[in-house]
Each structure stands twice: as structure tokens, then as C-alpha cells.
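> Mind having a look at this structure? Questions to follow.
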Amino acid sequence: MTQALPLQARPSTVGRDRVLLAGGLLAGPLFVGSALVQGLTRDGFDFRRHPVSVLSNGALGWVQIATFLTSGLLVLGAAAALGRRDTGTRWLPRLLALYGAGLLLAGVFRADPADGFPAGTPRGAGEVSWHGGLHFLAAAIGFVALIIAAVGAARRGARRGERSWAAYSLASGAYFAVAWVALIVRPAPVTMVGFGLAVAVGWAWVTVTLWRADRGRAV
């Protein structure tokens with residue numbers, strides 16, 4: 001009698017995990033592409049003054065909310081698939097899951113209108129509502145998880161002698177952290193744009209990490 005394969009080795013499970021990792025690979029391009037299209041076409045939005053989160057407001061706010069929710073679900077699925085693989089680390093899938101959860105919660109709890117967006121909103125930061133505060137908390141959880149994941153990957157890569165991967169991961173995590181802190185300390189057009197670029201850099205790192213995992217590379 002043929003012995004059943006272990007759960008992690010079943011073809012159906014392996015195939016499902018490949019699909020989940022492929023979904024994770026799409027999350028970054030989906031988020032960045034959606035933010036760019038919205039930011040360039042929605043009236044009153046300015047990348048020099050507004051974070052992408054405020055796109056959740058207005059008649060078309062559902063587009064950014066859907067972007068948060070979809071990308072968050074895709075990252076959570078990829079993190080689950082990664083957790084079932086022998087990647088050499090248990091923490092990376094958990095940190096990516098936290099990042100995905102942060103995205104989901106950022107979609108559930110809408111950021112407040114701010115600084116003239118949507119059109120008709122008074123200039124300035126405005127008041128922070130309860131859901132706006134929870135949005136910032138969710139974002140902070142996701143950001144911290146992403147930074148730790150990237151720095152941790154750099155450390156593991158250095159131990160394996162993968163200097164290029166280690167340097168890329170460290171640079172991605174460090175830049176994201178510096179850009180985020182700079183925006184908090186001194187909100188200005190240059191720091192707003194710098195943080196917008198950091199979001200793209202962070203997503204690029206997630207995409208490359210999942211690409212490596214999908215091809216059996218250590219992460």
C-alpha cells in the first residue's frame with residue numbers, strides 16, 4: 001500500500017502555495033500602480049503634499065480602499081505559503097503576515113481627509129478621527145514589520161555570504177526607516193516625496209523576496 005505523502009509534500013498543497021506566492025508577487029505592482037494612477041488623475045491630489053492613504057476619501061475612495069484590502073490579502077496568502085516552506089527562518093513569514101495585516105487594517109480604517117484633499121477640504125493637517133488614528137496605528141505596525149523583515153534578511157544573507165542580497169535588503173530597510181522618520185519629524189514636500197519613494201522601495205523588496213522564495217532561494 002502506498003504511504004500518503006506528508007501534508008507539506010502533497011502536490012495539491014505545493015500547487016496552492018505556488019499560486020499564493022504568485023499572488024504575493026502581484027501585490028506590489030498592484031499597490032504602486034494603483035497609487036500612481038490615482039495620484040496622477042484625481043483632482044486635488046499632490047504627491048508633494050499628500051500621502052497615498054488620503055486617496056481612500058472622496059467618491060473614488062473605494063479604489064484605494066480596495067487596493068489596501070486586495071494587496072493585504074495577497075501578502076497574507078504569500079506569507080502563509082512561505083511559512084510552509086523551509087526558508088531557514090520562521091520570523092520572515094510572520095513579519096510579512098504582520099505587514100499584510102497592517103495593509104488590511106489600513107483599508108478597513110480610512111485615513112482622514114487632509115490639506116485640500118479631497119477637493120473642498122481645508123488646507124492643513126486637520127483633526128484626526130478615531131478611524132484615522134487606527135489607520136496610522138495599522139500603518140505603523142506594517143511599516144515596523146517590513147523594516148525588521150528587511151534588516152533581518154540582510155543579516156541572514158550576510159551570514160550565508162550573499163553580499164549583494166544582504167546589501168540590497170539592508171539598504172531597502174534602512175531607507176524606508178529613515179524616510180518614515182524624516183516625514184514624521186519634518187513634514188515637507190521633499191520628505192513626502194521621499195517617503196512615497198520608500199513605499200515603492202519597500203514593495204520592490206517584498207516582490208524580490210517572494211520571487212526568491214518561489215525559486216527555492218533562501219530568504
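The way I read the labels, and the way they are meant: chains A, B, ... in the order of the C-alpha cells, residue 1 as the first residue of every chain, and ligand 1 as the first ligand shown, with later ones counted on from there.
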Excluding Ile148 in chain A and its own-chain neighbours fewer than 3 positions away, which residues fall within 10 Å of it when counting only C-alpha atoms? Please give them as a PyMOL selection string.

chain A and resi 91-92+95-96+143-145+151-154+170+173-174+177

> Can you pull out every residue within 10 Å of Gly132 in chain A, counting only C-alpha atoms, but drop anything in the same chain fewer than 3 positions away, and send it as an NGL selection string?

:A and (53-54 or 106 or 109-113 or 127-129 or 135-138)

> Write a file of the just-selected residues containing C-alpha atoms, as a PDB file, in the first residue's frame.


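Result went into out_37.pdb, see below:
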```
ATOM      1  CA  SER A  53      -3.601  56.913   2.276  1.00  0.00           C
ATOM      2  CA  VAL A  54      -5.780  60.008   1.787  1.00  0.00           C
ATOM      3  CA  ALA A 106      -5.330  50.420   6.765  1.00  0.00           C
ATOM      4  CA  PHE A 109      -9.869  52.166   8.943  1.00  0.00           C
ATOM      5  CA  ARG A 110      -9.855  55.052   6.493  1.00  0.00           C
ATOM      6  CA  ALA A 111      -7.305  57.866   6.736  1.00  0.00           C
ATOM      7  CA  ASP A 112      -8.736  61.348   7.293  1.00  0.00           C
ATOM      8  CA  PRO A 113      -9.029  63.975   4.543  1.00  0.00           C
ATOM      9  CA  GLU A 127      -8.182  66.786  13.021  1.00  0.00           C
ATOM     10  CA  VAL A 128      -7.501  63.082  13.467  1.00  0.00           C
ATOM     11  CA  SER A 129     -10.618  60.949  13.902  1.00  0.00           C
ATOM     12  CA  HIS A 135      -5.234  53.834  10.269  1.00  0.00           C
ATOM     13  CA  PHE A 136      -1.930  55.353  11.407  1.00  0.00           C
ATOM     14  CA  LEU A 137      -1.529  52.610  14.028  1.00  0.00           C
ATOM     15  CA  ALA A 138      -2.128  49.899  11.414  1.00  0.00           C
TER      16      ALA A 138
END
```

> Residues near Leu210 in chain A, anyone? I mean within 7 Å using only C-alpha atoms, not counting same-chain ones fewer than 6 positions away, as a ChimeraX atom specification.

/A:21,24-25

> At what distance in Å, to one decimal, does CA of Ala66 in chain A lie from CA of Val219 in chain A?

29.1 Å

> List every residue of range 32-138 of chain A that DSSP, applied to the backbone, labels as helix (DSSP H, G or I), and write the result as a PyMOL selection string.

chain A and resi 32-41+52-56+61-83+91-108+130-138

> Which is closer to Ala204 in chain A than all the others in A:Phe31, A:Phe47, A:Trp180, A:Tyr99, using only C-alpha atoms?

A:Phe31

> Nearest to Val208 in chain A: which of A:Ile147, A:Gly33, A:Ser172, A:Thr70 is it, counting only C-alpha atoms?

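With only C-alpha atoms as the atom set, the closest residue is A:Ser172.
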
> Compile the contact shell of Ile184 in chain A as a list in words: residues with an atom at most 12 Å away, counting only C-alpha atoms, same-chain residues fewer than 4 positions apart removed.

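Residues meeting the cut-off are Pro51, Phe136, Ala140, Ala177, Val178, Ala179, Trp180, Ala188, Thr191, Met192, Gly194 and Phe195 of chain A.
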
> Excluding Gly107 in chain A and any residue of its chain fewer than 4 positions from it, enumerate the residues within 8 Å of it, using only C-alpha atoms, and give them as a PyMOL selection string.

chain A and resi 56+64-69+103+135

> Please produce a file of those selected residues containing N, CA, C and O atoms, as a PDB file, in the first residue's frame.


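Result saved to result_6.pdb:
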```pdb
ATOM      1  N   SER A  56      -8.144  57.267   0.017  1.00  0.00           N
ATOM      2  CA  SER A  56      -9.300  56.496   0.464  1.00  0.00           C
ATOM      3  C   SER A  56     -10.538  57.359   0.655  1.00  0.00           C
ATOM      4  O   SER A  56     -11.616  56.833   0.949  1.00  0.00           O
ATOM      5  N   GLN A  64      -8.860  53.075  -3.574  1.00  0.00           N
ATOM      6  CA  GLN A  64      -7.698  52.902  -2.698  1.00  0.00           C
ATOM      7  C   GLN A  64      -8.007  51.940  -1.566  1.00  0.00           C
ATOM      8  O   GLN A  64      -7.135  51.158  -1.157  1.00  0.00           O
ATOM      9  N   ILE A  65      -9.230  51.972  -1.058  1.00  0.00           N
ATOM     10  CA  ILE A  65      -9.607  51.008  -0.023  1.00  0.00           C
ATOM     11  C   ILE A  65      -9.487  49.591  -0.555  1.00  0.00           C
ATOM     12  O   ILE A  65      -8.930  48.698   0.094  1.00  0.00           O
ATOM     13  N   ALA A  66      -9.999  49.372  -1.768  1.00  0.00           N
ATOM     14  CA  ALA A  66      -9.884  48.045  -2.391  1.00  0.00           C
ATOM     15  C   ALA A  66      -8.424  47.676  -2.629  1.00  0.00           C
ATOM     16  O   ALA A  66      -8.037  46.504  -2.507  1.00  0.00           O
ATOM     17  N   THR A  67      -7.598  48.671  -2.954  1.00  0.00           N
ATOM     18  CA  THR A  67      -6.172  48.419  -3.158  1.00  0.00           C
ATOM     19  C   THR A  67      -5.513  47.952  -1.867  1.00  0.00           C
ATOM     20  O   THR A  67      -4.726  46.991  -1.858  1.00  0.00           O
ATOM     21  N   PHE A  68      -5.815  48.617  -0.755  1.00  0.00           N
ATOM     22  CA  PHE A  68      -5.292  48.191   0.538  1.00  0.00           C
ATOM     23  C   PHE A  68      -5.726  46.760   0.860  1.00  0.00           C
ATOM     24  O   PHE A  68      -4.898  45.918   1.252  1.00  0.00           O
ATOM     25  N   LEU A  69      -7.015  46.499   0.710  1.00  0.00           N
ATOM     26  CA  LEU A  69      -7.549  45.194   1.095  1.00  0.00           C
ATOM     27  C   LEU A  69      -6.993  44.076   0.213  1.00  0.00           C
ATOM     28  O   LEU A  69      -6.585  43.020   0.708  1.00  0.00           O
ATOM     29  N   LEU A 103      -1.788  46.314   6.122  1.00  0.00           N
ATOM     30  CA  LEU A 103      -2.439  46.804   4.902  1.00  0.00           C
ATOM     31  C   LEU A 103      -3.950  46.606   4.972  1.00  0.00           C
ATOM     32  O   LEU A 103      -4.726  47.503   4.606  1.00  0.00           O
ATOM     33  N   HIS A 135      -5.925  54.002  11.558  1.00  0.00           N
ATOM     34  CA  HIS A 135      -5.234  53.834  10.269  1.00  0.00           C
ATOM     35  C   HIS A 135      -3.731  54.039  10.449  1.00  0.00           C
ATOM     36  O   HIS A 135      -2.921  53.238   9.956  1.00  0.00           O
TER      37      HIS A 135
END
```

> Hey, which of A:Gly161, A:Tyr175, A:Ala167, A:Gly102 ends up closest to Ala200 in chain A? Count only C-alpha atoms.

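Nearest candidate to Ala200 in chain A out of A:Gly161, A:Tyr175, A:Ala167, A:Gly102: A:Tyr175.
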
> Just want the 12 Å neighbourhood of Ala59 in chain A, counted on only C-alpha atoms, with same-chain residues fewer than 2 positions away dropped. Output as an NGL selection string.

:A and (42-43 or 55-57 or 61-65 or 117-119)

> Those residues with C-alpha atoms, as a PDB file, in the first residue's frame please?


```
ATOM      1  CA  ARG A  42      -7.628  62.526  -9.036  1.00  0.00           C
ATOM      2  CA  ASP A  43      -8.433  66.207  -8.676  1.00  0.00           C
ATOM      3  CA  LEU A  55      -6.854  58.599  -1.589  1.00  0.00           C
ATOM      4  CA  SER A  56      -9.300  56.496   0.464  1.00  0.00           C
ATOM      5  CA  ASN A  57     -11.516  59.586   0.687  1.00  0.00           C
ATOM      6  CA  GLY A  61     -12.039  56.473  -2.308  1.00  0.00           C
ATOM      7  CA  TRP A  62     -13.256  52.891  -2.702  1.00  0.00           C
ATOM      8  CA  VAL A  63     -10.462  52.323  -5.246  1.00  0.00           C
ATOM      9  CA  GLN A  64      -7.698  52.902  -2.698  1.00  0.00           C
ATOM     10  CA  ILE A  65      -9.607  51.008  -0.023  1.00  0.00           C
ATOM     11  CA  PHE A 117      -7.834  66.625  -0.489  1.00  0.00           C
ATOM     12  CA  PRO A 118     -10.464  65.702  -1.449  1.00  0.00           C
ATOM     13  CA  ALA A 119     -11.333  68.952  -3.151  1.00  0.00           C
TER      14      ALA A 119
END
```

> Please indicate the distance in Å from CA of Gly83 in chain A to CA of Arg18 in chain A, rounded to one decimal place.

12.5 Å

> Just checking: using only C-alpha atoms, which residue out of A:Val19, A:Ala158, A:Leu104, A:Val185 ends up closest to Ala78 in chain A?

A:Val19
